[in-house]
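Okay, data-v3.txt is below, compact mmCIF, C-alpha atoms:
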# COMPACT_ATOMS: atom_id res chain seq x y z
CA MET A 1 1.50 -7.44 23.70
CA GLU A 2 1.12 -10.58 21.60
CA ASN A 3 3.90 -13.00 20.65
CA PHE A 4 5.37 -12.32 17.22
CA VAL A 5 8.03 -13.30 14.70
CA PHE A 6 9.45 -10.45 12.64
CA HIS A 7 11.62 -11.35 9.66
CA ASN A 8 12.15 -9.01 6.74
CA PRO A 9 14.64 -10.35 4.20
CA THR A 10 14.66 -7.41 1.76
CA LYS A 11 17.97 -5.61 1.33
CA LEU A 12 17.19 -1.88 1.20
CA ILE A 13 19.53 0.45 -0.68
CA PHE A 14 18.49 4.04 -0.03
CA GLY A 15 19.62 7.39 -1.39
CA GLN A 16 20.74 9.52 -4.30
CA GLY A 17 22.28 7.82 -7.31
CA THR A 18 21.66 4.30 -6.02
CA ALA A 19 20.02 2.96 -9.20
CA HIS A 20 23.50 2.35 -10.64
CA LEU A 21 23.72 -0.59 -8.23
CA SER A 22 20.78 -2.42 -9.82
CA GLY A 23 22.97 -4.33 -12.27
CA ALA A 24 25.35 -5.62 -9.61
CA GLU A 25 22.47 -6.61 -7.36
CA ALA A 26 20.55 -8.38 -10.12
CA SER A 27 23.64 -10.23 -11.36
CA ARG A 28 23.79 -12.14 -8.07
CA PHE A 29 20.75 -14.11 -9.26
CA GLY A 30 21.58 -14.84 -12.90
CA ARG A 31 22.18 -13.30 -16.31
CA ARG A 32 18.70 -12.87 -17.77
CA VAL A 33 16.44 -10.12 -16.39
CA LEU A 34 12.78 -9.33 -16.99
CA LEU A 35 12.53 -5.55 -16.69
CA HIS A 36 8.94 -4.79 -15.63
CA TYR A 37 7.51 -1.28 -15.53
CA GLY A 38 4.49 0.87 -16.34
CA GLY A 39 4.85 3.56 -18.99
CA ASP A 40 6.66 6.75 -19.82
CA SER A 41 6.94 7.95 -16.21
CA VAL A 42 10.08 5.84 -15.62
CA ARG A 43 11.70 7.58 -18.58
CA ARG A 44 10.70 11.05 -17.40
CA ASN A 45 12.09 10.56 -13.90
CA GLY A 46 15.37 9.05 -15.16
CA ALA A 47 14.92 5.61 -13.58
CA TYR A 48 14.71 3.70 -16.87
CA GLU A 49 17.93 5.14 -18.27
CA SER A 50 19.81 4.58 -15.01
CA VAL A 51 18.66 0.99 -14.68
CA ILE A 52 19.24 0.06 -18.33
CA GLN A 53 22.77 1.49 -18.15
CA SER A 54 23.53 -0.42 -14.95
CA LEU A 55 22.16 -3.71 -16.28
CA GLY A 56 24.18 -3.25 -19.47
CA GLU A 57 27.38 -2.54 -17.57
CA ALA A 58 26.80 -5.75 -15.61
CA GLY A 59 26.55 -7.68 -18.88
CA LEU A 60 22.97 -8.82 -18.29
CA THR A 61 20.44 -9.75 -20.97
CA VAL A 62 17.27 -7.69 -20.60
CA VAL A 63 13.75 -8.61 -21.68
CA GLU A 64 11.26 -5.77 -21.21
CA LEU A 65 7.61 -5.98 -20.17
CA PRO A 66 6.02 -2.53 -19.88
CA GLY A 67 2.33 -1.71 -19.55
CA VAL A 68 1.47 -2.08 -15.86
CA GLN A 69 -1.59 -0.02 -14.90
CA PRO A 70 -2.81 1.11 -11.49
CA ASN A 71 -4.74 -1.82 -10.01
CA PRO A 72 -2.42 -4.21 -11.94
CA ARG A 73 -4.15 -6.60 -14.29
CA LEU A 74 -4.10 -10.37 -14.39
CA GLY A 75 -3.75 -10.39 -18.19
CA LEU A 76 -0.33 -8.70 -18.08
CA VAL A 77 0.74 -11.00 -15.24
CA ARG A 78 -0.05 -14.01 -17.41
CA GLU A 79 1.94 -12.46 -20.25
CA GLY A 80 4.85 -11.99 -17.86
CA VAL A 81 4.68 -15.62 -16.75
CA ARG A 82 4.84 -16.71 -20.40
CA LEU A 83 7.82 -14.44 -21.08
CA CYS A 84 9.72 -15.73 -18.06
CA ARG A 85 9.31 -19.30 -19.22
CA ASP A 86 10.05 -18.65 -22.89
CA GLU A 87 13.04 -16.39 -22.21
CA ARG A 88 14.45 -18.45 -19.31
CA ILE A 89 14.39 -15.43 -17.00
CA ASP A 90 16.53 -15.60 -13.85
CA ILE A 91 15.27 -12.51 -11.99
CA ILE A 92 12.48 -9.94 -12.33
CA LEU A 93 13.38 -6.29 -11.80
CA ALA A 94 10.36 -4.07 -11.14
CA VAL A 95 10.86 -0.35 -11.77
CA GLY A 96 7.92 1.68 -10.52
CA GLY A 97 5.46 1.83 -7.65
CA GLY A 98 3.33 -0.71 -5.86
CA SER A 99 1.34 -1.75 -8.92
CA VAL A 100 4.49 -2.67 -10.85
CA ILE A 101 6.01 -4.46 -7.88
CA ASP A 102 2.80 -6.38 -7.13
CA SER A 103 2.60 -7.44 -10.76
CA ALA A 104 6.24 -8.60 -10.64
CA LYS A 105 5.57 -10.64 -7.51
CA ALA A 106 2.65 -12.42 -9.15
CA ILE A 107 4.74 -13.14 -12.23
CA ALA A 108 7.55 -14.48 -10.04
CA ALA A 109 5.16 -16.93 -8.38
CA GLY A 110 3.41 -17.93 -11.60
CA ALA A 111 6.62 -18.57 -13.53
CA ALA A 112 7.55 -21.38 -11.15
CA TYR A 113 4.05 -22.94 -11.08
CA ASP A 114 2.53 -25.44 -13.51
CA GLY A 115 -1.02 -24.10 -13.17
CA ASP A 116 -2.60 -20.69 -13.64
CA VAL A 117 -1.19 -17.86 -11.51
CA TRP A 118 -4.72 -16.78 -10.50
CA ASP A 119 -4.95 -20.00 -8.46
CA PHE A 120 -2.81 -18.33 -5.78
CA PHE A 121 -5.33 -15.52 -5.42
CA GLU A 122 -8.67 -17.20 -6.05
CA LYS A 123 -8.10 -20.70 -4.70
CA ASN A 124 -5.45 -19.99 -2.03
CA THR A 125 -3.12 -22.48 -3.72
CA PRO A 126 0.11 -22.58 -1.68
CA ILE A 127 3.06 -20.74 -3.22
CA GLY A 128 6.19 -22.84 -3.66
CA ASP A 129 9.26 -21.77 -5.59
CA THR A 130 9.38 -18.28 -7.08
CA LEU A 131 11.77 -16.29 -9.23
CA PRO A 132 13.76 -13.71 -7.28
CA ILE A 133 12.54 -10.11 -7.44
CA GLY A 134 14.36 -6.80 -7.24
CA THR A 135 12.77 -3.36 -7.25
CA VAL A 136 13.63 0.23 -8.05
CA LEU A 137 10.96 2.25 -6.30
CA THR A 138 9.65 5.37 -8.04
CA LEU A 139 6.31 5.91 -6.27
CA PRO A 140 6.25 5.47 -2.48
CA ALA A 141 2.83 4.29 -1.35
CA ALA A 142 2.13 0.59 -1.17
CA GLY A 143 5.19 -0.61 0.74
CA SER A 144 5.50 -3.50 -1.73
CA GLU A 145 9.23 -2.89 -1.98
CA SER A 146 9.69 -4.51 1.42
CA ASN A 147 6.88 -6.99 2.02
CA GLY A 148 5.56 -10.27 0.67
CA THR A 149 2.10 -9.17 -0.50
CA SER A 150 0.78 -8.90 -4.04
CA VAL A 151 -2.61 -7.46 -5.04
CA ILE A 152 -3.91 -8.20 -8.54
CA THR A 153 -7.14 -7.35 -10.38
CA SER A 154 -8.83 -9.84 -12.69
CA GLU A 155 -10.49 -8.26 -15.70
CA LEU A 156 -13.15 -10.99 -15.67
CA GLY A 157 -15.63 -10.27 -12.91
CA GLY A 158 -13.72 -7.28 -11.56
CA TYR A 159 -12.10 -9.08 -8.63
CA LYS A 160 -9.17 -7.52 -6.79
CA LEU A 161 -7.52 -10.12 -4.59
CA SER A 162 -4.33 -10.40 -2.58
CA VAL A 163 -1.85 -13.09 -1.61
CA THR A 164 0.88 -12.91 1.00
CA HIS A 165 3.89 -15.21 1.23
CA PRO A 166 7.47 -14.69 2.49
CA ALA A 167 8.87 -15.84 -0.87
CA LEU A 168 7.28 -12.80 -2.54
CA ALA A 169 9.38 -10.33 -0.56
CA PRO A 170 11.90 -8.66 -2.90
CA ALA A 171 15.51 -9.77 -2.52
CA PHE A 172 16.60 -6.14 -2.82
CA SER A 173 14.95 -2.76 -3.27
CA ILE A 174 16.58 0.45 -4.40
CA LEU A 175 14.98 3.62 -3.04
CA ASN A 176 16.16 6.85 -4.67
CA PRO A 177 13.95 9.80 -3.64
CA GLU A 178 15.08 11.72 -6.74
CA PHE A 179 12.86 9.47 -8.84
CA THR A 180 9.80 10.89 -7.04
CA PHE A 181 10.43 14.52 -8.08
CA THR A 182 8.25 14.16 -11.20
CA LEU A 183 5.23 12.65 -9.45
CA SER A 184 2.04 14.64 -9.89
CA PRO A 185 0.34 16.17 -6.84
CA ALA A 186 -2.44 13.59 -7.19
CA GLN A 187 0.01 10.67 -7.24
CA THR A 188 1.93 12.09 -4.29
CA ALA A 189 -1.21 12.65 -2.22
CA ALA A 190 -2.74 9.26 -3.01
CA GLY A 191 0.54 7.58 -2.11
CA CYS A 192 0.59 9.29 1.27
CA ALA A 193 -3.04 8.32 1.93
CA ASP A 194 -2.08 4.73 1.21
CA MET A 195 0.86 4.94 3.65
CA MET A 196 -1.30 6.48 6.38
CA SER A 197 -3.92 3.78 5.88
CA HIS A 198 -1.33 1.04 6.34
CA VAL A 199 -0.56 2.59 9.70
CA PHE A 200 -4.25 3.00 10.60
CA GLU A 201 -4.88 -0.71 10.02
CA ARG A 202 -2.33 -1.48 12.72
CA TYR A 203 -2.80 1.48 15.04
CA PHE A 204 -6.49 0.83 15.66
CA THR A 205 -6.18 -2.35 17.68
CA ARG A 206 -7.69 -3.93 20.77
CA THR A 207 -4.31 -5.30 21.85
CA GLU A 208 -3.07 -3.70 25.05
CA HIS A 209 0.49 -2.87 26.17
CA VAL A 210 1.78 -1.85 22.74
CA LEU A 211 3.14 1.56 23.72
CA PHE A 212 6.34 1.18 21.69
CA THR A 213 4.64 0.38 18.39
CA ASP A 214 1.97 3.01 19.16
CA ARG A 215 4.73 5.59 19.24
CA LEU A 216 6.27 4.24 16.02
CA CYS A 217 2.88 4.46 14.32
CA GLU A 218 2.30 7.99 15.58
CA ALA A 219 5.75 9.12 14.46
CA THR A 220 5.18 7.70 10.98
CA LEU A 221 1.82 9.44 10.67
CA ARG A 222 3.14 12.75 11.98
CA THR A 223 6.03 12.65 9.51
CA ILE A 224 3.70 12.18 6.56
CA ILE A 225 1.26 14.82 7.83
CA ARG A 226 4.05 17.35 8.25
CA LEU A 227 5.85 16.73 4.97
CA LEU A 228 3.10 16.07 2.42
CA PRO A 229 2.27 19.81 2.24
CA VAL A 230 5.99 20.51 1.78
CA VAL A 231 6.38 18.26 -1.28
CA LEU A 232 3.09 19.46 -2.76
CA GLU A 233 4.52 22.98 -2.58
CA GLU A 234 8.12 22.00 -3.48
CA PRO A 235 8.09 18.78 -5.54
CA ARG A 236 11.90 18.64 -5.74
CA HIS A 237 12.52 19.01 -2.00
CA TYR A 238 14.89 16.05 -1.63
CA ASN A 239 14.87 15.70 2.15
CA ALA A 240 11.08 15.85 2.43
CA ARG A 241 10.72 13.33 -0.41
CA ALA A 242 13.30 11.09 1.28
CA GLU A 243 11.47 11.13 4.62
CA ILE A 244 8.17 10.30 2.94
CA MET A 245 9.72 7.47 0.92
CA TRP A 246 11.23 5.91 4.04
CA ALA A 247 8.00 6.38 6.01
CA GLY A 248 6.11 4.54 3.27
CA THR A 249 8.43 1.55 3.52
CA ILE A 250 8.22 1.40 7.31
CA ALA A 251 4.44 1.80 7.20
CA HIS A 252 3.99 -1.56 5.50
CA ASN A 253 7.06 -3.75 6.05
CA GLY A 254 5.57 -5.48 9.10
CA LEU A 255 7.41 -3.61 11.84
CA LEU A 256 4.49 -1.45 12.98
CA GLY A 257 2.23 -4.46 13.40
CA THR A 258 4.54 -6.46 15.66
CA GLY A 259 2.87 -7.70 18.83
CA ARG A 260 -0.57 -6.33 17.98
CA GLU A 261 -3.74 -7.47 16.26
CA GLU A 262 -4.41 -5.69 12.96
CA ASP A 263 -7.73 -4.78 11.32
CA TRP A 264 -7.67 -4.48 7.47
CA ALA A 265 -11.42 -4.05 6.94
CA SER A 266 -11.00 -0.66 5.28
CA HIS A 267 -8.49 -2.06 2.81
CA LEU A 268 -10.89 -4.83 1.82
CA ILE A 269 -13.61 -2.27 1.16
CA ALA A 270 -11.18 -0.09 -0.81
CA HIS A 271 -10.11 -3.11 -2.88
CA GLU A 272 -13.71 -3.69 -3.93
CA LEU A 273 -14.04 -0.03 -4.93
CA GLY A 274 -10.85 -0.39 -6.97
CA ALA A 275 -12.04 -3.59 -8.63
CA LEU A 276 -15.43 -2.21 -9.63
CA TYR A 277 -14.56 1.41 -10.40
CA ASP A 278 -10.80 1.32 -11.10
CA ILE A 279 -10.26 4.11 -8.58
CA THR A 280 -6.70 4.76 -7.38
CA HIS A 281 -6.16 2.81 -4.18
CA GLY A 282 -5.06 5.79 -2.08
CA ALA A 283 -8.10 7.76 -3.23
CA ALA A 284 -10.39 4.87 -2.29
CA LEU A 285 -8.81 4.78 1.16
CA SER A 286 -9.19 8.54 1.68
CA ILE A 287 -12.93 7.99 1.21
CA VAL A 288 -13.29 4.83 3.28
CA PHE A 289 -11.15 5.54 6.33
CA PRO A 290 -12.82 8.72 7.65
CA ALA A 291 -16.21 7.05 7.15
CA TRP A 292 -14.99 3.92 8.96
CA MET A 293 -13.67 6.07 11.83
CA LYS A 294 -17.01 7.84 12.22
CA TYR A 295 -18.79 4.49 12.31
CA VAL A 296 -16.63 2.74 14.92
CA TYR A 297 -15.08 5.43 17.13
CA ARG A 298 -17.65 5.25 19.96
CA SER A 299 -16.68 1.62 20.60
CA ASP A 300 -13.21 2.71 21.79
CA LEU A 301 -13.12 6.38 22.71
CA ASN A 302 -9.80 6.04 24.53
CA ARG A 303 -7.99 4.82 21.40
CA PHE A 304 -9.49 7.60 19.30
CA ARG A 305 -8.67 10.15 22.00
CA GLN A 306 -5.05 8.98 21.89
CA TYR A 307 -5.06 9.23 18.10
CA ALA A 308 -6.42 12.77 18.17
CA MET A 309 -4.01 14.02 20.81
CA GLU A 310 -0.81 12.20 19.80
CA VAL A 311 -1.17 12.48 16.01
CA TRP A 312 -3.11 15.71 15.53
CA ASP A 313 -2.19 17.60 18.73
CA VAL A 314 -5.84 18.02 19.72
CA ALA A 315 -5.98 19.77 23.10
CA PRO A 316 -7.06 17.80 26.20
CA ASP A 317 -10.74 17.88 27.01
CA GLU A 318 -12.89 16.15 29.63
CA ASP A 319 -15.28 15.13 26.84
CA LEU A 320 -13.63 12.08 25.26
CA GLU A 321 -16.09 11.96 22.39
CA ARG A 322 -15.41 15.57 21.45
CA ILE A 323 -11.64 14.91 21.36
CA ALA A 324 -12.12 11.75 19.31
CA TRP A 325 -14.34 13.52 16.82
CA LYS A 326 -11.82 16.32 16.36
CA GLY A 327 -9.17 13.79 15.39
CA ILE A 328 -11.48 12.31 12.77
CA GLU A 329 -12.30 15.78 11.44
CA GLN A 330 -8.59 16.57 11.19
CA THR A 331 -8.03 13.38 9.19
CA GLU A 332 -10.76 14.24 6.72
CA ARG A 333 -9.58 17.85 6.49
CA PHE A 334 -6.03 16.71 5.75
CA PHE A 335 -7.16 14.49 2.89
CA ARG A 336 -9.19 17.37 1.47
CA MET A 337 -6.19 19.70 1.75
CA ALA A 338 -4.20 17.21 -0.32
CA GLY A 339 -6.85 17.22 -3.05
CA LEU A 340 -8.11 13.72 -2.29
CA PRO A 341 -11.76 12.66 -2.37
CA VAL A 342 -13.50 11.98 0.94
CA ARG A 343 -16.90 11.17 -0.59
CA LEU A 344 -17.80 8.61 -3.23
CA SER A 345 -19.45 11.33 -5.30
CA GLU A 346 -16.18 13.28 -5.37
CA ALA A 347 -14.60 10.29 -7.14
CA GLY A 348 -17.48 9.99 -9.61
CA ILE A 349 -19.02 6.99 -7.82
CA ASP A 350 -22.80 7.17 -7.47
CA GLY A 351 -23.22 4.56 -4.76
CA SER A 352 -25.61 2.35 -6.72
CA ARG A 353 -23.49 -0.75 -6.04
CA ILE A 354 -23.01 -0.28 -2.30
CA LEU A 355 -24.92 -3.43 -1.38
CA GLU A 356 -22.94 -5.41 -3.95
CA ILE A 357 -19.67 -4.11 -2.52
CA ALA A 358 -20.77 -5.10 0.98
CA GLN A 359 -21.66 -8.60 -0.19
CA ARG A 360 -18.39 -9.01 -2.08
CA CYS A 361 -16.38 -7.96 0.97
CA CYS A 362 -17.86 -10.75 3.06
CA GLN A 363 -18.24 -13.53 0.51
CA SER A 364 -14.89 -15.19 1.24
CA THR A 365 -14.99 -14.64 5.01
CA ALA A 366 -17.12 -15.97 7.84
CA GLY A 367 -19.64 -13.19 7.30
CA THR A 368 -17.62 -10.34 8.79
CA ILE A 369 -14.42 -8.45 8.05
CA GLY A 370 -12.03 -6.64 10.38
CA LYS A 371 -10.64 -7.34 13.83
CA TYR A 372 -10.79 -3.98 15.62
CA ALA A 373 -14.46 -3.69 14.72
CA LYS A 374 -16.10 -6.71 13.11
CA LEU A 375 -18.17 -5.49 10.17
CA ALA A 376 -21.04 -7.43 8.63
CA GLU A 377 -22.61 -6.57 5.28
CA LYS A 378 -25.03 -4.10 6.89
CA ASP A 379 -22.13 -2.29 8.60
CA ILE A 380 -20.12 -2.02 5.38
CA ALA A 381 -23.17 -0.71 3.55
CA ALA A 382 -23.79 1.85 6.30
CA ILE A 383 -20.19 3.07 6.15
CA LEU A 384 -20.34 3.53 2.38
CA GLU A 385 -23.77 5.17 2.54
CA SER A 386 -22.36 7.71 4.99
CA ALA A 387 -19.58 8.45 2.47
CA ARG A 388 -21.86 9.08 -0.53
Render the structure in this file as structure tokens.
Amino acid sequence: MENFVFHNPTKLIFGQGTAHLSGAEASRFGRRVLLHYGGDSVRRNGAYESVIQSLGEAGLTVVELPGVQPNPRLGLVREGVRLCRDERIDIILAVGGGSVIDSAKAIAAGAAYDGDVWDFFEKNTPIGDTLPIGTVLTLPAAGSESNGTSVITSELGGYKLSVTHPALAPAFSILNPEFTFTLSPAQTAAGCADMMSHVFERYFTRTEHVLFTDRLCEATLRTIIRLLPVVLEEPRHYNARAEIMWAGTIAHNGLLGTGREEDWASHLIAHELGALYDITHGAALSIVFPAWMKYVYRSDLNRFRQYAMEVWDVAPDEDLERIAWKGIEQTERFFRMAGLPVRLSEAGIDGSRILEIAQRCCQSTAGTIGKYAKLAEKDIAAILESAR
């Protein structure tokens, strides 16, 4: 196990009816709130009404900025930065899923910076002061409600880049599973694929003596695998929705990566697919991860054997490769069951830009991506070719 520091400052408020606390929580940071959200979904699920009522009861002034899209756009972030300055905003309250929260984080950093907010993403400009952020989660997937990462897409050039800084972690996050009842099957499935992929990036590691976090990773995966079919069949099953929402937070709040080296190559590839084709992130990951597994599994059959047996209950077998392959097949089968694409063609992507994607993945690195398996451009291209 490697040395580590684990610090997660986000106050998590979980359960039914908790959105009524958003006003009291936000009022700890000032009187003027930027309410940031996507579209009509927050009205359909009841989150908007609950939050507006709570903010009003707390006597807060609310400035609204709707319009966040999946793969959140830089243009709206810049508009949010302008609003925060002009309206003297004290705190940003994001109501939605990872895209809304990521957009809010970028706005929070940009509002306290004299230059352009894209500098943080493109030029690695250090983040200094930020506005505080609160969230009301309505789509469990990205884990943004409890981490310091923001991923934003620039409309010019189609670049999807990320920045991570402790100051971007929300001060508080309200998690009410009732707000997820109205999610479509596609949104629910893509969110779960995103959660599982956050675990995969940590689970597939070369670090030894990480039994405890192995078991935490396996438990998180098994929970999602067991309960996704339940909520697809019964969208208003509160307890199943609650377990999935909590699993999504744990999957990407840093806990599962403690003491172990992480990979993140598949996420970089998926980000490029999202930037160029505007594909939902979870759907991009359901394509990339099985293909990545098939490409790298022979380099560490013992890890893939453990994955197959502990996550998918594959029966013991003297042939390690056969066990490993069964685990990969189960992963792909599960994504298919959930209605997710596992081939580029199934997402309407023809594969004509595979070489470009491979080049873009490596252009800001030392020529390779990933830690578990270092991937050069030719490796990335081969993985995507296998997923056509």
| From the list A:Ala291, A:Ile328, A:Leu228, A:Cys84, which residue is nearest A:Ala112 when using only C-alpha atoms? |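 Counting only C-alpha atoms, the residue closest to A:Ala112 is A:Cys84.
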| Closest to A:Ala186 among A:Val231, A:Ala219, A:Ala242, A:Leu268, using only C-alpha atoms? |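 The closest residue to A:Ala186 is A:Val231.
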Any idea what's packed within 12 Å of A:His237, counting all atoms listed in the file, ignoring anything in its chain fewer than 3 positions away? Could you give it as a tab-separated table (two decimals) with C-alpha atoms, keeping the file's coordinate frame?
chain	number	residue	atom	x	y	z
A	177	PRO	CA	13.95	9.80	-3.64
A	178	GLU	CA	15.08	11.72	-6.74
A	179	PHE	CA	12.86	9.47	-8.84
A	180	THR	CA	9.80	10.89	-7.04
A	181	PHE	CA	10.43	14.52	-8.08
A	182	THR	CA	8.25	14.16	-11.20
A	227	LEU	CA	5.85	16.73	4.97
A	228	LEU	CA	3.10	16.07	2.42
A	229	PRO	CA	2.27	19.81	2.24
A	230	VAL	CA	5.99	20.51	1.78
A	231	VAL	CA	6.38	18.26	-1.28
A	232	LEU	CA	3.09	19.46	-2.76
A	233	GLU	CA	4.52	22.98	-2.58
A	234	GLU	CA	8.12	22.00	-3.48
A	240	ALA	CA	11.08	15.85	2.43
A	241	ARG	CA	10.72	13.33	-0.41
A	242	ALA	CA	13.30	11.09	1.28
A	243	GLU	CA	11.47	11.13	4.62
A	244	ILE	CA	8.17	10.30	2.94
| So what do you get for atom CA of A:Ile224 versus atom CA of A:Ser386, distance-wise? |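 Interatomic distance, atom CA of A:Ile224 to atom CA of A:Ser386: 26.5 Å.
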| remark: A straight line from atom CA of A:Trp312 to atom CA of A:Val342 spans 18.3 Å
| Which residue of A:Ile357, A:Ile89, A:Ile174, A:Val199 approaches A:Arg222 most closely, using only C-alpha atoms |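 Between A:Ile357, A:Ile89, A:Ile174, A:Val199, the residue approaching A:Arg222 most closely is A:Val199.
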| field | Computed interatomic separation between atom CA of A:His36 and atom CA of A:Glu201 (Å) | value |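 Distance between the two atoms: 29.4 Å.
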| Excluding same-chain residues fewer than 4 positions from stretch 125-127 of chain A, what lies within 10 Å of it counting all atoms listed in the file, as a PyMOL selection string? | chain A and resi 109-110+112-113+115+117-121+163-168
| note | Counting only C-alpha atoms, closest pick from A:Tyr297, A:Val314, A:Ile287, A:Glu79 relative to A:Glu385 is A:Ile287
| said: Quick one: residues within 12 Å of A:Leu256, all atoms listed in the file, excluding same-chain residues fewer than 4 positions away - as number ranges by chain? | reply: A: 4, 6, 195-196, 198-205, 210-221, 247-252, 260-262
Just want the 12 Å neighbourhood of A:Asp300, counted on all atoms listed in the file, with same-chain residues fewer than 5 positions away dropped. Output as a short mmCIF file (atom, residue, chain, number, x, y, z; two decimals) with C-alpha atoms, keeping the file's coordinate frame.
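Writing done, so here's part-v4.cif:
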data_model
loop_
_atom_site.label_atom_id
_atom_site.label_comp_id
_atom_site.auth_asym_id
_atom_site.auth_seq_id
_atom_site.Cartn_x
_atom_site.Cartn_y
_atom_site.Cartn_z
CA PHE A 204 -6.49 0.83 15.66
CA THR A 205 -6.18 -2.35 17.68
CA ARG A 206 -7.69 -3.93 20.77
CA THR A 207 -4.31 -5.30 21.85
CA MET A 293 -13.67 6.07 11.83
CA LYS A 294 -17.01 7.84 12.22
CA TYR A 295 -18.79 4.49 12.31
CA ARG A 305 -8.67 10.15 22.00
CA GLN A 306 -5.05 8.98 21.89
CA TYR A 307 -5.06 9.23 18.10
CA LEU A 320 -13.63 12.08 25.26
CA GLU A 321 -16.09 11.96 22.39
CA ALA A 324 -12.12 11.75 19.31
CA TRP A 325 -14.34 13.52 16.82
CA TYR A 372 -10.79 -3.98 15.62
CA ALA A 373 -14.46 -3.69 14.72
#
| message | For a quick check of understanding, using only C-alpha atoms, which of A:Arg31, A:Lys374, A:Arg360, A:Arg236 has the smallest distance to A:Asn45? | response |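 The shortest atom-to-atom distance to A:Asn45 comes from A:Arg236.
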| request: Choose the residue, out of A:Leu285, A:Ala111, A:Leu21, A:Ala265, that has the smallest atom-to-atom separation from A:Val81; count only C-alpha atoms. | output: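 Checking each of A:Leu285, A:Ala111, A:Leu21, A:Ala265 against A:Val81, counting only C-alpha atoms, the winner is A:Ala111.
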| Need the neighbours of (3.8, -6.2, -8.3): which residues are at most 8 Å away, counting all atoms listed in the file, as a ChimeraX atom specification? | /A:72,94,98-106,144,150-152
| query | Within 8 Å of A:Ile369, counting only C-alpha atoms, which residues qualify if same-chain residues fewer than 6 places away don't, as a list in words? | reply |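 Selected residues are Trp264, Ala265, Cys361, Cys362, Leu375 and Ala376 of chain A.
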